[in-house]
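A quick write-up on the structure given underneath.
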Amino acid sequence: MASEGDDNAAGSLLRRRKVLVAVDEGDESMHALSWALDNLIVPGQAVGAEHCSTSDLIVLLHVQTHPQVIVGPAGPGFYITPEIIDSIKKHQDEVSKKVLLRGKMLCNEKHLETETMVAVGDPRDSICEAVEKLGIDYLVIGSHGYGAIKRTFLGSVSDYCAHHAKCPVVIVKNK
């Protein structure tokens with residue numbers, strides 16, 4: 001006779017986890033995705049007569065910055081026309097497509113279910129908001145490996161997410 005604890009254990013083993021991987025144009029984020037696929041993601045398997053998949057769901061998130069906050073070549077006093085903003089937005093959309101396609105191809109090689117999404121805003125806030133909104137179980141993010149001075153001026157997305165995301169955060173360092 002199975003106890004209630006056994007039922008809970010079986011349910012948790014079959015529970016599908018949502019894993020968000022933040023991706024950008026850098027090799028660090030693709031390294032983080034590859035690491036997650038090899039070390040964290042549970043591949044699908046047939047369960048019972050229904051052959052239902054228990055694989056984790058991977059959510060690939062690419063964050064675009066607001067075109068208005070991009071500093072022009074002449075510095076912050078540079079006036080950005082609507083045409084320039086449209087051109088920047090079009091370029092960002094193309095970059096997002098390429099980045100997400102690259103990530104999705106890695107996931108497809110392992111036959112994993114993947115969703116993609118694009119957010120616009122500060123990457124730190126956008127990633128943490130997506131974690132909360134989507135009910136993410138794990139956040140995987142690459143580390144650019146900046147030194148202390150660069151981190152101070154640029155801010156570290158991975159450090160911010162480690163302190164503010166409402167789920168466990170795995171920061172993958174590039175070797």
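Residue numbering restarts at 1 in every chain; chains get A, B, ... in the order shown in the structure tokens, and ligands count up from 1 in that same order.
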Check your understanding: Counting only C-alpha atoms, what is within 12 Å of region 34-39 of chain A, bar same-chain residues fewer than 3 positions away, as JSON, numbers by chain?
Key -> {"A": [19, 20, 21, 22, 23, 27, 28, 29, 30, 31, 42, 43, 55, 56, 57, 58, 59, 60, 102, 103, 104, 105, 106, 107, 108, 109, 110, 111, 112, 113, 114, 138, 139, 140, 141, 142, 169, 170, 171, 172, 173, 174, 175]}
Expected file: the selected residues, C-alpha atoms, as a tab-separated table (two decimals), in the first residue's frame:
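selection10.tsv was written with the following content:
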chain	number	residue	atom	x	y	z
A	19	VAL	CA	13.94	26.60	-16.74
A	20	LEU	CA	14.58	30.10	-18.06
A	21	VAL	CA	17.88	30.68	-19.83
A	22	ALA	CA	18.77	34.30	-20.54
A	23	VAL	CA	20.52	34.52	-23.90
A	27	ASP	CA	29.25	33.17	-26.34
A	28	GLU	CA	28.83	33.18	-22.55
A	29	SER	CA	25.06	32.81	-22.79
A	30	MET	CA	25.26	29.95	-25.30
A	31	HIS	CA	27.82	28.27	-23.05
A	42	VAL	CA	15.75	16.52	-17.54
A	43	PRO	CA	15.03	15.04	-20.98
A	55	SER	CA	10.81	16.82	-19.93
A	56	ASP	CA	11.57	20.20	-18.50
A	57	LEU	CA	10.33	23.22	-20.41
A	58	ILE	CA	13.10	25.54	-21.51
A	59	VAL	CA	12.27	29.22	-21.93
A	60	LEU	CA	14.85	31.22	-23.86
A	102	ARG	CA	20.73	29.71	-32.26
A	103	GLY	CA	19.52	28.73	-28.79
A	104	LYS	CA	16.49	26.86	-30.11
A	105	MET	CA	18.71	24.83	-32.43
A	106	LEU	CA	20.80	23.68	-29.45
A	107	CYS	CA	17.60	22.61	-27.67
A	108	ASN	CA	16.21	20.90	-30.78
A	109	GLU	CA	19.35	18.75	-31.02
A	110	LYS	CA	18.31	17.23	-27.68
A	111	HIS	CA	14.61	17.05	-28.69
A	112	LEU	CA	13.54	19.38	-25.89
A	113	GLU	CA	10.46	21.54	-25.81
A	114	THR	CA	11.47	25.17	-25.98
A	138	TYR	CA	15.37	27.79	-12.25
A	139	LEU	CA	17.16	30.70	-13.92
A	140	VAL	CA	20.36	29.96	-15.84
A	141	ILE	CA	22.51	32.90	-16.84
A	142	GLY	CA	26.01	33.23	-18.23
A	169	VAL	CA	19.83	31.05	-10.02
A	170	VAL	CA	22.65	29.16	-11.71
A	171	ILE	CA	25.46	31.42	-12.94
A	172	VAL	CA	27.60	29.59	-15.49
A	173	LYS	CA	31.13	30.89	-15.91
A	174	ASN	CA	32.89	30.49	-19.21
A	175	LYS	CA	36.10	28.51	-18.78
Review point. Do you know which residues are at most 8 Å from Ile136 (chain A) counting only C-alpha atoms, after dropping those on the same chain fewer than 3 positions away, and could you put them as an MDAnalysis selection string?
Key: chainID A and resid 17:20 130:133 139 167
With C-alpha atoms retained, export the selected residues as a PDB file, in the first residue's frame.
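So the final result, stored in result14.pdb, reads:
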ATOM      1  CA  ARG A  17      10.141  22.211 -14.330  1.00  0.00           C
ATOM      2  CA  LYS A  18      10.358  25.534 -16.118  1.00  0.00           C
ATOM      3  CA  VAL A  19      13.939  26.603 -16.735  1.00  0.00           C
ATOM      4  CA  LEU A  20      14.579  30.100 -18.062  1.00  0.00           C
ATOM      5  CA  ALA A 130       9.923  37.106 -16.501  1.00  0.00           C
ATOM      6  CA  VAL A 131      10.956  34.677 -13.751  1.00  0.00           C
ATOM      7  CA  GLU A 132       8.106  35.849 -11.554  1.00  0.00           C
ATOM      8  CA  LYS A 133       5.481  36.199 -14.298  1.00  0.00           C
ATOM      9  CA  LEU A 139      17.157  30.701 -13.917  1.00  0.00           C
ATOM     10  CA  CYS A 167      13.924  31.261  -7.906  1.00  0.00           C
TER      11      CYS A 167
END
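CA of Ala165 (chain A) is positioned 8.0 Å from CA of Glu129 (chain A).
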Point to revise | Residue nearest Ile127 (chain A) - candidates A:His62, A:Asp159, A:His144, A:Ile85, atoms counted: only C-alpha atoms | key: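 Using only C-alpha atoms, Ile127 (chain A) sits closest to A:His62.
Considering only C-alpha atoms, the residue among A:Thr81, A:Ser158, A:Ser96, A:Gln64 positioned nearest to Gly121 (chain A) is A:Gln64.
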Practice item. Using DSSP on the backbone, list every residue of region 94-129 of chain A that comes out as strand (DSSP E or B), and give them as a list in words. Key: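 For region 94-129 of chain A, the strand (DSSP E or B) set is Thr114, Glu115, Thr116, Met117, Val118, Ala119 and Val120 of chain A.
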Exercise for review: Compare A:Ile41, A:Leu134, A:Cys128, A:Ala119 by their minimum atom-to-atom distance to His164 (chain A), counting only C-alpha atoms, and give me the closest one.
Suggested key: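 Going through A:Ile41, A:Leu134, A:Cys128, A:Ala119 one by one, the smallest distance to His164 (chain A) is for A:Cys128.
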Point to revise | Atomic distance CA of Thr116 (chain A) - CA of Lys98 (chain A), expressed in Å with one decimal | key: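 That distance, rounded to one decimal, is 11.7 Å.
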